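Trainee: Have a peek at upload-v2.txt (compact mmCIF, C-alpha atoms).
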```txt
# COMPACT_ATOMS: atom_id res chain seq x y z
CA MET A 1 -71.57 0.88 55.25
CA PRO A 2 -69.63 -0.91 58.08
CA LYS A 3 -68.08 1.23 60.78
CA SER A 4 -64.55 0.29 59.77
CA SER A 5 -64.06 -1.30 56.38
CA PRO A 6 -61.28 -3.91 55.95
CA PRO A 7 -58.29 -1.94 54.57
CA PRO A 8 -57.67 0.45 57.51
CA LEU A 9 -58.56 -2.23 60.03
CA ILE A 10 -56.16 -4.74 58.49
CA LEU A 11 -53.38 -2.17 58.31
CA LEU A 12 -53.93 -1.13 61.92
CA LEU A 13 -53.99 -4.74 63.12
CA LEU A 14 -50.89 -5.58 61.12
CA GLY A 15 -49.11 -2.51 62.47
CA SER A 16 -50.13 -3.13 66.09
CA VAL A 17 -49.14 -6.83 66.07
CA SER A 18 -45.83 -6.22 64.30
CA LEU A 19 -45.00 -3.31 66.61
CA ALA A 20 -45.72 -5.54 69.60
CA CYS A 21 -43.30 -8.10 68.12
CA CYS A 22 -40.78 -5.30 67.63
CA GLN A 23 -40.62 -4.90 71.41
CA TRP A 24 -38.85 -8.27 71.58
CA LEU A 25 -36.32 -7.09 68.99
CA ILE A 26 -35.82 -3.79 70.83
CA TYR A 27 -35.32 -5.20 74.31
CA PHE A 28 -33.81 -8.67 73.69
CA TYR A 29 -32.25 -8.77 70.21
CA ALA A 30 -30.70 -5.32 69.74
CA PRO A 31 -27.69 -4.71 72.01
CA THR A 32 -27.87 -1.94 74.59
CA GLU A 33 -25.83 1.08 73.60
CA ALA A 34 -22.74 1.29 75.81
CA ALA A 35 -22.69 5.02 76.54
CA MET A 36 -26.41 5.80 76.84
CA GLY A 37 -27.79 2.56 78.24
CA LEU A 38 -31.51 1.80 78.28
CA ILE A 39 -32.65 5.29 77.16
CA HIS A 40 -31.15 4.54 73.74
CA LYS A 41 -34.10 2.16 73.16
CA ILE A 42 -36.35 5.19 72.69
CA PHE A 43 -34.58 5.70 69.37
CA TYR A 44 -36.44 2.68 67.91
CA ILE A 45 -39.73 4.51 68.44
CA HIS A 46 -38.46 8.04 67.82
CA LEU A 47 -37.13 7.39 64.31
CA PRO A 48 -40.32 5.72 62.95
CA LEU A 49 -42.39 8.55 64.46
CA ALA A 50 -40.24 11.20 62.78
CA TRP A 51 -40.28 9.40 59.43
CA GLY A 52 -44.03 8.82 59.71
CA ALA A 53 -44.53 12.55 60.27
CA LEU A 54 -42.37 13.42 57.27
CA PHE A 55 -44.25 10.94 55.05
CA SER A 56 -47.53 12.45 56.23
CA PHE A 57 -46.40 15.95 55.29
CA PHE A 58 -45.17 14.68 51.92
CA LEU A 59 -48.60 13.11 51.40
CA VAL A 60 -50.24 16.48 52.21
CA PHE A 61 -48.00 18.05 49.55
CA LEU A 62 -48.86 15.43 46.91
CA GLY A 63 -52.57 15.55 47.78
CA SER A 64 -52.57 19.36 47.66
CA VAL A 65 -50.92 19.47 44.22
CA ALA A 66 -53.39 16.88 42.97
CA TYR A 67 -56.31 18.84 44.48
CA LEU A 68 -55.26 22.06 42.74
CA PHE A 69 -55.50 20.30 39.37
CA LYS A 70 -58.44 17.91 39.92
CA ARG A 71 -60.56 19.73 42.57
CA ASP A 72 -61.61 16.37 44.01
CA SER A 73 -62.94 16.73 47.57
CA GLY A 74 -61.68 13.20 48.36
CA LEU A 75 -58.12 14.43 47.86
CA ASP A 76 -58.79 17.31 50.24
CA ARG A 77 -59.98 14.86 52.90
CA LEU A 78 -56.86 12.74 52.34
CA CYS A 79 -54.74 15.87 52.98
CA VAL A 80 -56.61 16.60 56.23
CA ALA A 81 -56.17 13.00 57.41
CA ALA A 82 -52.45 13.06 56.57
CA ALA A 83 -51.93 16.48 58.21
CA GLU A 84 -53.67 15.40 61.42
CA THR A 85 -51.66 12.17 61.55
CA GLY A 86 -48.45 14.06 60.77
CA LEU A 87 -49.13 16.59 63.51
CA LEU A 88 -49.72 13.81 66.05
CA LEU A 89 -46.61 11.88 65.02
CA SER A 90 -44.36 14.95 64.88
CA GLY A 91 -45.59 15.95 68.36
CA LEU A 92 -44.72 12.48 69.67
CA ALA A 93 -41.37 12.57 67.83
CA LEU A 94 -40.60 15.90 69.51
CA PHE A 95 -41.54 14.49 72.91
CA THR A 96 -39.40 11.36 72.52
CA GLY A 97 -36.61 13.51 71.07
CA MET A 98 -36.69 15.70 74.16
CA LEU A 99 -36.35 12.65 76.43
CA TRP A 100 -33.38 11.54 74.33
CA ALA A 101 -31.84 15.03 74.37
CA ARG A 102 -32.10 15.28 78.15
CA LYS A 103 -30.16 12.05 78.64
CA SER A 104 -27.78 12.39 75.72
CA TRP A 105 -26.94 16.10 75.65
CA GLY A 106 -28.07 17.15 79.14
CA VAL A 107 -30.75 19.55 77.89
CA TRP A 108 -34.44 19.17 77.08
CA TRP A 109 -34.11 21.17 73.89
CA THR A 110 -31.34 22.16 71.51
CA TRP A 111 -31.38 23.99 68.17
CA ASP A 112 -30.46 21.01 66.08
CA PRO A 113 -31.51 20.94 62.37
CA ARG A 114 -33.75 17.90 62.64
CA LEU A 115 -35.36 18.96 65.92
CA THR A 116 -35.84 22.50 64.66
CA THR A 117 -37.25 21.32 61.33
CA THR A 118 -39.71 19.01 63.09
CA PHE A 119 -40.74 21.79 65.48
CA ILE A 120 -41.23 24.37 62.72
CA MET A 121 -43.17 21.85 60.65
CA TRP A 122 -45.34 21.13 63.68
CA PHE A 123 -46.21 24.84 63.81
CA VAL A 124 -46.80 25.08 60.05
CA TYR A 125 -49.18 22.12 59.98
CA ALA A 126 -50.88 23.26 63.20
CA GLY A 127 -51.56 26.51 61.29
CA TYR A 128 -52.76 24.45 58.34
CA LEU A 129 -55.31 22.74 60.60
CA VAL A 130 -56.35 26.11 62.09
CA LEU A 131 -57.18 27.18 58.53
CA ARG A 132 -59.58 24.24 58.32
CA SER A 133 -61.67 25.82 61.07
CA LEU A 134 -62.19 29.08 59.13
CA ASN A 135 -65.64 30.25 58.31
CA LEU A 136 -65.29 29.78 54.55
CA SER A 137 -67.15 27.85 51.90
CA MET A 138 -65.91 24.26 51.63
CA ARG A 139 -64.52 24.86 48.15
CA ARG A 140 -62.63 27.99 49.15
CA LYS A 141 -61.31 26.37 52.33
CA SER A 142 -60.01 23.34 50.41
CA LEU A 143 -58.33 25.61 47.87
CA VAL A 144 -56.63 27.79 50.52
CA CYS A 145 -55.44 24.71 52.42
CA ALA A 146 -54.11 23.10 49.23
CA VAL A 147 -51.98 26.19 48.52
CA VAL A 148 -50.67 26.21 52.11
CA GLY A 149 -50.05 22.44 51.86
CA VAL A 150 -47.81 23.05 48.85
CA ILE A 151 -45.82 25.99 50.22
CA ALA A 152 -45.44 24.33 53.63
CA PHE A 153 -43.61 21.38 52.11
CA LEU A 154 -41.47 23.63 49.88
CA ASP A 155 -40.23 25.22 53.10
CA VAL A 156 -39.04 21.93 54.69
CA PRO A 157 -35.57 21.72 53.03
CA LEU A 158 -34.98 25.44 53.61
CA VAL A 159 -35.80 25.15 57.31
CA PHE A 160 -33.49 22.12 57.57
CA ILE A 161 -30.57 23.84 55.82
CA SER A 162 -31.01 27.06 57.81
CA ALA A 163 -31.01 25.16 61.11
CA ARG A 164 -27.91 23.22 59.98
CA ILE A 165 -26.05 26.46 59.23
CA TRP A 166 -27.22 27.85 62.58
CA ARG A 167 -25.79 24.91 64.60
CA SER A 168 -26.03 21.12 64.77
CA ILE A 169 -25.28 18.31 67.25
CA HIS A 170 -27.77 15.63 66.09
CA PRO A 171 -26.30 12.15 65.48
CA ALA A 172 -26.32 10.99 61.84
CA VAL A 173 -27.94 7.55 61.82
CA PHE A 174 -27.32 6.21 58.34
CA GLY A 175 -24.66 6.84 55.75
CA THR A 176 -21.87 8.22 57.92
CA GLU A 177 -18.44 6.65 58.09
CA GLY A 178 -17.58 5.38 61.56
CA GLY A 179 -20.85 6.64 63.07
CA GLU A 180 -23.20 3.95 61.71
CA LEU A 181 -25.38 1.66 63.81
CA GLU A 182 -24.21 -1.88 64.26
CA PRO A 183 -26.02 -4.54 62.16
CA LYS A 184 -28.39 -5.82 64.89
CA MET A 185 -29.48 -2.28 65.73
CA LYS A 186 -29.92 -1.47 62.05
CA LEU A 187 -32.12 -4.53 61.48
CA THR A 188 -34.23 -3.68 64.54
CA VAL A 189 -34.77 -0.10 63.46
CA ALA A 190 -35.63 -1.21 59.90
CA VAL A 191 -38.28 -3.65 61.22
CA CYS A 192 -39.65 -0.94 63.53
CA VAL A 193 -39.92 1.53 60.63
CA ILE A 194 -41.75 -1.02 58.42
CA SER A 195 -44.11 -2.03 61.26
CA PHE A 196 -44.82 1.58 62.07
CA GLY A 197 -45.45 2.18 58.37
CA PHE A 198 -48.44 -0.19 58.53
CA LEU A 199 -49.79 1.59 61.60
CA TRP A 200 -49.27 4.98 59.94
CA ALA A 201 -51.07 3.88 56.75
CA GLY A 202 -53.90 2.45 58.87
CA LEU A 203 -54.27 5.68 60.85
CA VAL A 204 -54.36 7.84 57.72
CA ARG A 205 -56.86 5.54 55.99
CA LEU A 206 -59.07 5.32 59.09
CA ARG A 207 -59.17 9.09 59.54
CA GLU A 208 -59.82 9.57 55.84
CA ARG A 209 -62.69 7.08 56.07
CA GLN A 210 -64.16 9.00 59.03
CA LEU A 211 -63.97 12.25 57.06
CA ASP A 212 -65.59 10.59 54.04
CA LEU A 213 -68.46 9.40 56.22
CA ARG A 214 -68.90 12.84 57.75
CA ALA A 215 -68.99 14.46 54.31
CA ARG A 216 -71.57 11.88 53.24
CA MET A 217 -73.71 12.57 56.31
CA ASP A 218 -73.49 16.31 55.67
CA THR A 219 -74.66 15.76 52.09
CA ILE A 220 -77.57 13.61 53.27
CA ALA A 221 -78.50 16.18 55.94
CA CYS A 222 -78.52 18.93 53.30
CA ASP A 223 -80.85 16.86 51.10
CA ILE A 224 -83.46 16.45 53.87
CA PRO A 225 -86.18 19.06 53.26
CA MET B 226 -48.53 42.54 32.74
CA LEU B 227 -45.96 45.23 33.52
CA ARG B 228 -48.49 48.05 33.04
CA MET B 229 -50.96 46.37 35.35
CA THR B 230 -48.21 45.73 37.92
CA LEU B 231 -47.21 49.40 37.86
CA ALA B 232 -50.85 50.46 38.14
CA VAL B 233 -51.33 48.24 41.23
CA ILE B 234 -48.14 49.59 42.81
CA ARG B 235 -49.22 53.19 42.15
CA LYS B 236 -52.73 52.59 43.46
CA ASP B 237 -51.58 50.78 46.63
CA MET B 238 -48.82 53.25 47.44
CA THR B 239 -51.11 56.24 46.92
CA LEU B 240 -53.92 54.83 49.03
CA THR B 241 -51.61 53.63 51.81
CA LEU B 242 -49.59 56.84 52.01
CA LEU B 243 -52.60 59.13 51.71
CA ARG B 244 -54.66 57.33 54.33
CA GLY B 245 -51.59 56.75 56.45
CA ASN B 246 -53.21 54.83 59.29
CA GLY B 247 -52.15 51.36 58.07
CA LEU B 248 -48.52 52.40 57.65
CA VAL B 249 -48.41 54.28 60.95
CA GLN B 250 -49.92 51.32 62.79
CA ALA B 251 -47.27 48.97 61.35
CA LEU B 252 -44.46 51.40 62.16
CA LEU B 253 -45.66 51.91 65.72
CA LEU B 254 -45.91 48.18 66.35
CA GLY B 255 -42.36 47.62 65.09
CA LEU B 256 -40.97 50.48 67.15
CA LEU B 257 -42.85 49.31 70.21
CA LEU B 258 -41.32 45.84 69.90
CA ILE B 259 -37.80 47.28 69.74
CA PHE B 260 -38.51 49.50 72.74
CA VAL B 261 -40.02 46.65 74.80
CA PHE B 262 -36.99 44.43 74.10
CA SER B 263 -34.71 47.29 75.17
CA LEU B 264 -36.32 47.07 78.63
CA SER B 265 -34.80 43.61 79.08
CA GLN B 266 -31.35 45.22 79.36
CA GLY B 267 -30.14 46.20 82.80
CA VAL B 268 -28.27 49.47 83.44
CA GLY B 269 -24.97 49.37 81.54
CA GLU B 270 -25.87 46.10 79.81
CA SER B 271 -26.56 45.59 76.14
CA LEU B 272 -28.15 42.79 74.15
CA SER B 273 -25.88 40.52 72.13
CA ALA B 274 -25.51 41.40 68.45
CA ARG B 275 -27.50 38.30 67.47
CA SER B 276 -30.37 39.21 69.84
CA ALA B 277 -30.45 42.76 68.50
CA ALA B 278 -30.57 41.48 64.92
CA ALA B 279 -33.38 39.06 65.88
CA VAL B 280 -35.38 41.92 67.42
CA PHE B 281 -34.90 44.00 64.26
CA TRP B 282 -36.19 41.18 62.03
CA LEU B 283 -39.03 40.37 64.40
CA SER B 284 -40.18 44.00 64.23
CA SER B 285 -39.89 43.89 60.44
CA ALA B 286 -41.92 40.66 60.26
CA PHE B 287 -44.75 42.01 62.45
CA CYS B 288 -44.75 45.27 60.50
CA GLN B 289 -44.90 43.36 57.24
CA ILE B 290 -47.91 41.29 58.35
CA LEU B 291 -49.84 44.47 59.11
CA MET B 292 -48.75 46.01 55.80
CA PHE B 293 -49.88 43.12 53.63
CA ASN B 294 -53.07 42.87 55.62
CA GLN B 295 -53.63 46.54 54.85
CA LEU B 296 -52.67 46.19 51.17
CA TYR B 297 -55.18 43.37 50.62
CA ALA B 298 -57.84 45.07 52.75
CA LEU B 299 -57.86 47.98 50.25
CA GLU B 300 -59.97 45.91 47.86
CA GLU B 301 -62.36 44.60 50.52
CA VAL B 302 -64.43 47.80 50.41
CA ASN B 303 -67.24 47.80 47.80
CA ASN B 304 -66.02 44.46 46.39
CA SER B 305 -63.24 46.23 44.52
CA ARG B 306 -61.49 42.89 44.24
CA LEU B 307 -63.87 41.97 41.44
CA GLY B 308 -62.71 45.06 39.56
CA LEU B 309 -59.11 43.91 39.78
CA LEU B 310 -60.05 40.37 38.77
CA LEU B 311 -61.94 41.62 35.72
CA SER B 312 -59.08 43.79 34.48
CA PRO B 313 -57.55 42.48 31.22
CA ALA B 314 -54.18 41.43 32.62
CA PRO B 315 -52.64 38.31 34.12
CA ILE B 316 -53.74 37.84 37.73
CA GLN B 317 -50.08 37.47 38.72
CA ALA B 318 -49.69 41.20 38.07
CA ILE B 319 -51.76 41.83 41.22
CA TRP B 320 -49.47 39.57 43.26
CA LEU B 321 -46.35 41.22 41.86
CA GLY B 322 -47.73 44.74 42.26
CA LYS B 323 -48.67 44.18 45.89
CA ALA B 324 -45.34 42.45 46.58
CA ILE B 325 -43.39 45.41 45.19
CA ALA B 326 -45.58 47.96 47.04
CA GLY B 327 -45.05 45.93 50.24
CA PHE B 328 -41.31 45.81 49.56
CA VAL B 329 -41.06 49.60 49.26
CA LEU B 330 -43.15 50.15 52.39
CA LEU B 331 -41.17 47.56 54.37
CA LEU B 332 -37.86 49.07 53.30
CA SER B 333 -39.12 52.51 54.36
CA ALA B 334 -40.16 51.13 57.75
CA GLN B 335 -36.75 49.49 58.18
CA CYS B 336 -35.11 52.89 57.61
CA ILE B 337 -36.73 53.79 60.95
CA PHE B 338 -36.29 50.40 62.68
CA LEU B 339 -32.54 50.26 62.03
CA PRO B 340 -31.64 53.52 63.83
CA ALA B 341 -34.14 52.60 66.55
CA THR B 342 -32.29 49.28 67.06
CA VAL B 343 -28.95 51.09 67.19
CA ILE B 344 -30.27 53.65 69.71
CA PHE B 345 -32.48 51.55 71.99
CA LEU B 346 -30.45 48.33 71.95
CA GLY B 347 -27.07 50.08 72.19
CA LYS B 348 -25.53 48.70 68.99
CA SER B 349 -23.32 50.19 66.32
CA LEU B 350 -23.04 49.25 62.68
CA SER B 351 -19.42 48.14 62.72
CA GLY B 352 -19.60 45.18 60.30
CA PRO B 353 -19.02 45.20 56.54
CA PRO B 354 -21.98 46.95 54.86
CA GLY B 355 -21.96 44.88 51.62
CA PRO B 356 -23.28 41.50 52.83
CA SER B 357 -25.64 43.22 55.29
CA LEU B 358 -27.24 45.30 52.55
CA VAL B 359 -27.52 42.31 50.21
CA ILE B 360 -29.12 40.13 52.89
CA LEU B 361 -31.51 42.98 53.79
CA LEU B 362 -32.71 43.17 50.18
CA LEU B 363 -32.83 39.38 49.75
CA THR B 364 -34.73 38.85 53.01
CA ASP B 365 -37.18 41.63 52.20
CA THR B 366 -37.75 40.14 48.74
CA GLY B 367 -38.55 36.71 50.20
CA MET B 368 -40.76 38.17 52.92
CA CYS B 369 -42.73 40.21 50.38
CA ALA B 370 -43.06 37.34 47.87
CA LEU B 371 -44.51 35.11 50.59
CA GLY B 372 -46.45 37.95 52.24
CA SER B 373 -48.12 38.89 48.99
CA LEU B 374 -49.12 35.27 48.38
CA LEU B 375 -50.44 34.68 51.89
CA GLY B 376 -52.11 38.10 52.05
CA ALA B 377 -54.64 36.82 49.54
CA LEU B 378 -55.25 33.80 51.74
CA ALA B 379 -57.08 35.70 54.45
CA GLN B 380 -59.34 37.77 52.20
CA GLY B 381 -62.78 38.33 53.69
CA GLN B 382 -61.73 37.07 57.14
CA THR B 383 -62.21 39.17 60.27
CA ALA B 384 -59.10 38.03 62.19
CA ARG B 385 -56.73 38.44 59.26
CA GLU B 386 -53.62 39.48 61.22
CA ALA B 387 -53.78 36.51 63.60
CA LEU B 388 -54.44 34.14 60.73
CA LEU B 389 -51.54 35.49 58.67
CA GLY B 390 -49.21 35.34 61.66
CA ILE B 391 -49.97 31.70 62.42
CA VAL B 392 -49.15 30.57 58.89
CA PHE B 393 -46.55 33.17 58.01
CA PHE B 394 -44.04 33.12 60.88
CA PRO B 395 -43.11 29.42 60.80
CA LEU B 396 -42.68 29.54 57.02
CA LEU B 397 -40.45 32.56 57.34
CA THR B 398 -38.01 30.92 59.78
CA PRO B 399 -35.19 30.26 57.26
CA LEU B 400 -35.20 33.88 56.12
CA LEU B 401 -35.34 35.24 59.67
CA LEU B 402 -32.37 33.02 60.62
CA ALA B 403 -30.44 34.26 57.57
CA GLY B 404 -31.27 37.90 58.39
CA THR B 405 -30.34 37.41 62.03
CA GLY B 406 -27.08 35.60 61.16
CA ILE B 407 -25.80 38.37 58.92
CA GLY B 408 -27.44 41.13 60.97
CA ALA B 409 -25.36 40.01 63.96
CA GLN B 410 -22.30 40.35 61.78
CA ALA B 411 -23.34 43.89 60.85
CA PHE B 412 -23.72 44.85 64.53
CA ASP B 413 -20.52 43.37 65.98
CA GLY B 414 -18.29 42.94 62.93
CA ILE B 415 -17.59 39.27 63.76
CA ASP B 416 -18.43 36.60 61.19
CA PRO B 417 -18.62 33.23 62.96
CA ASP B 418 -20.74 31.33 60.42
CA GLY B 419 -19.69 32.92 57.15
CA SER B 420 -22.06 35.05 55.14
CA SER B 421 -21.99 33.10 51.85
CA ALA B 422 -24.09 30.22 53.24
CA TRP B 423 -26.78 32.63 54.47
CA LEU B 424 -26.76 34.57 51.20
CA GLY B 425 -27.18 31.30 49.28
CA LEU B 426 -30.04 30.22 51.53
CA ALA B 427 -31.85 33.56 51.22
CA SER B 428 -31.43 33.48 47.42
CA ALA B 429 -32.85 29.94 47.30
CA PHE B 430 -35.80 31.00 49.47
CA ASP B 431 -36.49 33.97 47.18
CA ALA B 432 -36.30 31.84 44.04
CA ILE B 433 -38.65 29.16 45.44
CA PHE B 434 -41.25 31.55 46.79
CA LEU B 435 -41.18 33.91 43.82
CA ALA B 436 -41.90 30.89 41.63
CA ALA B 437 -44.53 29.60 44.08
CA GLY B 438 -46.18 33.04 44.16
CA LEU B 439 -46.38 33.20 40.37
CA LEU B 440 -47.85 29.69 40.14
CA LEU B 441 -50.16 29.60 43.16
CA PHE B 442 -51.54 33.14 43.45
CA ALA B 443 -54.17 32.51 40.78
CA PHE B 444 -55.67 29.73 42.92
CA LEU B 445 -55.93 31.96 46.00
CA TYR B 446 -57.07 35.29 44.63
CA ALA B 447 -60.63 34.78 43.53
CA GLY B 448 -63.99 36.49 43.64
CA ASP B 449 -65.56 34.22 46.27
CA GLU B 450 -65.36 34.92 50.01
```
Could the structure of this file be written out as structure tokens, please?
Mentor:
Amino acid sequence: MPKSSPPPLILLLLGSVSLACCQWLIYFYAPTEAAMGLIHKIFYIHLPLAWGALFSFFLVFLGSVAYLFKRDSGLDRLCVAAAETGLLLSGLALFTGMLWARKSWGVWWTWDPRLTTTFIMWFVYAGYLVLRSLNLSMRRKSLVCAVVGVIAFLDVPLVFISARIWRSIHPAVFGTEGGELEPKMKLTVAVCVISFGFLWAGLVRLRERQLDLRARMDTIACDIP
Amino acid sequence: MLRMTLAVIRKDMTLTLLRGNGLVQALLLGLLLIFVFSLSQGVGESLSARSAAAVFWLSSAFCQILMFNQLYALEEVNNSRLGLLLSPAPIQAIWLGKAIAGFVLLLSAQCIFLPATVIFLGKSLSGPPGPSLVILLLTDTGMCALGSLLGALAQGQTAREALLGIVFFPLLTPLLLAGTGIGAQAFDGIDPDGSSAWLGLASAFDAIFLAAGLLLFAFLYAGDE
């Protein structure tokens, strides 16, 4: 089997090239925000990272539900790949969010619903990956992680609502009257999200492929007398 | 199912209260937390009502982790878990029985934590008792529904408390925020956020995790290690 089969490689290449092209849109096409200046450009990376993380966690949820019914180890590996990618992306989203917060609100951190939700989810999925390192049989470990994968995603809307009741200062990006992005900014962010989507899909597929290969090697190693 | 649930409650309460060490350990940890936080106050100072409520719920959460760890450890000796699994009743009865036993034990512990918070953190219960009592019961219900589900997760593991804490605390955030929000109101009598939103959130949490417990417990509680 080749080291990297075409689908993940194509997705990663597509994502990398299109994200490189996005830099032109970000720095030359989209206007600079009047109040915040250049730091506003971080938003074009921050939003795709946050959405990528949320999609990853949703994929963990779907994969976990499917695993509970089908008990297919491939689905379990898909969940691991998505959780690892989601943890990486949510960590980067938190980091870029902190840079934004420092410039925009004058603090590195604030208890905003979206920031808080991302942070709590980061902890939940970090715990999920800690569970993967337990000394359990593979079947039991997959089952435990699938249950945690389901309840972790059920908690997302509750965390968001609770943080919103607590306090909120995050800007609403889409769907607010008077507070929307202007068309050039909206187009740029849409292209960035789609480009990042390719990179995200490539990362998940690549990691899943690595895990498949490791499982295969483990099976072969067990068969050797 | 009801008979089996009652039998599990009776068994767990009897064993926990007769042996005592698990309950005492949980109580001492909670009290110690309240006492340690009281040291952060200077002479003549007192913590804000919200901080005091947060300390109370933090003590309750730590206490509850130890309690559910203890409740599930009861069946670790002599593989008694297999006996429960072989009993002719729905497996959800075990989850419900342990959740109710945990609820009673947690409520008993809070009867000690509440006066300790008032004494050590210099607070008085000046707010309306109705919403505070309702949120106490709703938060305890959610904590025990989730605790009983996750208690089964760590069966057979040596570092059960640490494992439970890593997964449990982030998931519990919405409930802890709700408890803290209304707890602050109970301590200072001021209601800045309104209690109906928190009561709604806690009810939603309870409904989701009671349903999740009923559906998912059967996957977690099994005979294998």
Trainee: I want to know what sits within 12 Å of Val80 of chain A, based on only C-alpha atoms, with residues of the same chain fewer than 4 positions away left out; could you give that as a ChimeraX atom specification?
Mentor: /A:56-57,59-61,63-64,67,73-76,84-87,125-126,128-133,141-142,145-146,149,204-212
Trainee: Output the contact residues of chain B with respect to chain A at a cut-off of 10 Å, based on only C-alpha atoms, as number ranges by chain.
Mentor: B: 371, 374-375, 377-379, 381-384, 388-403, 406, 418-419, 422-423, 426-427, 429-430, 433-434, 437-438, 440-442, 444-447, 449-450
Trainee: Please, what distance in Å, to one decimal, runs between atom CA of Gln335 of chain B and atom CA of Ile415 of chain B?
Mentor: 22.4 Å
Trainee: Given all atoms listed in the file as the basis, pick out the residue of A:Thr118, A:Ser104, A:Thr110, A:Ser195 nearest to Gly91 of chain A.
Mentor: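 For Gly91 of chain A, the nearest of the candidates is A:Thr118.
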Trainee: Hey, can you check how far atom CA of Ala278 of chain B sits from atom CA of Asp431 of chain B?
Mentor: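 These two atoms are separated by 20.2 Å.
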Trainee: Can you work out which one of B:Leu346, B:Leu321, B:Leu362, B:Leu310 has the shortest atom-to-atom distance to Gly269 of chain B, counting only C-alpha atoms?
Mentor: B:Leu346
Trainee: Could you tell me which of B:Gly425, B:Pro315, B:Gly255, B:Gly327 comes closest to Gly376 of chain B if we count all atoms listed in the file?
Mentor: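 Among the listed residues, the smallest separation from Gly376 of chain B belongs to B:Gly327.
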Trainee: Centre and edge lengths, as JSON, for the axis-aligned box enclosing every listed atom of segment 371-376 of chain B with 5 Å of padding on each of the six sides, in Å to one decimal?
Mentor:
```
{"center_x": -48.3, "center_y": 36.8, "center_z": 50.3, "size_x": 17.6, "size_y": 14.2, "size_z": 13.9}
```
